[in-house]
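Contents: one structure, followed by commentary.
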Amino acid sequence: MRTLDPQSLTQHVDRLYRAAWALCGSREDAEDLVQETFTRVLARPRVLSGDDELYYLMRVLRNTFLTSRRTASRRPITVATLEDVVAADPRPLGQPEQALEMQEVYATIATLPEDRRLALVAVDVLGLSYREAARALRVREATITTRLFRARKQVAHELEPAPGSPASADAPVAPQPHTPAIRREETRASGVLPGRGTP
Amino acid sequence: MTERPTQIDEEQRYVAELLRSFDAPAPARLHRRVESLVADHNKGPARRDPRSVGRAWSRRPFSVLGFVGAGAAAAVVVVVVVVVALAVVLSGSSSPPLNMHQAAAPTLRAATRSAPRQSSTNNAELTAAVNGVKFPYWEDRFGWRSTGMRSDQIAGRAVTTVFYSDASGRRIGYAIIAGHPAPRINGGAVFWHSGVPYRVLTENGAAVVSWLRDGHLCVISGRGVSSATLLRLASWSDRDASAS
């Protein structure tokens with residue numbers, strides 16, 4: 001048992017931001033979610049049972065995310081969303097191709113059912129072990145395994161080029177198996193996103 | 001003999017590797033905000049170790065004197081609250097609170113003074129300001145040129161409005177209400193951006209957006225201008241200008 005050191009929180013901002021982005025599907029909402037998460041964590045002293053505070057932050061992030069979604073669903077009128085009207089952070093990320101790819105992949109993750117999305121974010125985005133993810137999300141490890149499997153499968157499926165897209169139209173007469181691993185190599189070579197439909 | 005990975009294995013590995021390869025950092029402004037939260041936390045009063053809280057309570061002996069003292073204190077608090085409430089209700093001397101209808105009204109009126117110029121020290125601001133809160137300069141960035149200005153006194157507060165027009169002749173009024181604390185505005189839909197709540201509603205057939213800047217209520221409105229445009233303008237700041 002130890003008390004959480006607030007100073008140590010700043011080292012997790014980047015990872016937590018990516019996790020929040022994948023949960024929300026929007027960079028602006030991710031910023032707000034991370035800020036709200038840290039505000040909650042700092043609201044009172046916290047006692048951790050383990051050494052790693054990341055799983056604890058994931059738990060608070062999850063709770064904050066779920067609460068904000070419930071609150072948003074109770075809001076009265078929605079005339080527009082800030083995603084529509086407010087420009088994203090004008091500073092580009094380090095690698096534009098990766099930024100575009102991230103945007104697309106995270107937007108895909110944001111469409112997953114909530115339980116799968118949280119499992120995928122905890123393990124693949126935040127880098128928690130299955131055990132830590134299970135503790136953070138308050139489920140059994142076996143549940144994490146199942147949800148993660150289904151989430152990855154769905155993401156891989158969503159990122160497949162759509163039939164009839166230029167990619168498939170220009171494909172050779174005898175189509176090759178288009179596995180994600182192959183698509184990833186193509187992405188690196190051409191700088192084109194998987195599923196963008198570019199030959 | 002090892003088995004060849006199936007397509008399902010490939011899919012699973014692909015997604016996991018793809019997600020782990022992303023290493024985009026959080027925006028600098030988010031880092032600054034978190035650092036500021038941590039700094040504020042450290043500046044706050046010394047906090048007790050939560051594990052000691054239960055022990056401290058359990059060690060405290062029951063005291064009849066303490067119990068009576070606490071009851072007396074509670075009674076005093078109740079009396080004070082009642083007296084203050086009565087004083088507020090009966091005084092009748094304070095101005096009625098400003099409502100959204102009143103706050104938005106000047107933004108749809110005519111200008112009475114010439115337009116303020118762009119600030120020579122900050123090209124994202126105009127020279128006009130209310131208690132140090134400057135009006136924004138939008139011409140280069142959004143095509144909204146400042147065209148005039150007016151001052152009003154509403155519900156005991158000074159309201160300064162700057163008007164902007166775009167190439168198609170549409171007009172927006174941007175009002176800043178002086179005085180602390182800022183009037184509370186209710187109703188409409190709230191949209192959060194960068195930690196700031198923006199309230200969107202409709203008044204007299206025009207979309208209105210209100211929010212706080214440095215503790216001052218700001219209201220922006222214009223006929224024929226969408227709430228999306230108003231939100232975009234309202235949430236733009238000179239920080240965005242310097243970052244782009």
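Ligands are numbered from 1 in the order shown, residues from 1 within each chain, and chains are lettered A, B, ... in the order they appear in the structure tokens.
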
request  = For A:Arg15, work out the shell of residues within 8 Å, counting only C-alpha atoms and skipping chain neighbours fewer than 2 positions away, then give it as a list in words.
outcome  = His12, Val13, Tyr17, Arg18, Ala19, Val125 and Leu126 of chain A; Pro25 and Ala26 of chain B

request  = Please determine the contact residues of chain B with respect to chain A at a cut-off of 7 Å, counting only C-alpha atoms, and supply them as a PyMOL selection string.
outcome  = chain B and resi 7+10-12+14-16+19-20+22+24-26+30-31+34-35+37-38+41+49-50+188-189+191+193-195+228-229+231-232+243-244

message = Using Å and a single decimal, report how far atom CA of A:Thr111 sits from atom CA of B:Pro27.
response =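 Pair atom CA of B:Pro27 / atom CA of A:Thr111 returns 23.6 Å.
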
inquiry  = Please compute the atom CA of B:Gly143-atom CA of B:Asp166 distance, one decimal, in Å.
reply    =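 For atom CA of B:Gly143 relative to atom CA of B:Asp166, the distance reads 5.8 Å.
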
request  = Tell me, in Å to one decimal, how far atom CA of A:Arg62 is from atom CA of B:Asp23.
outcome  =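 Taking atom CA of A:Arg62 and atom CA of B:Asp23, their separation equals 20.8 Å.
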
inquiry  = Give me, as a PyMOL selection string, the residues of stretch 100-157 of chain A that a backbone DSSP run labels alpha helix (DSSP H).
reply    = chain A and resi 100-109+114-120+130-137+141-157
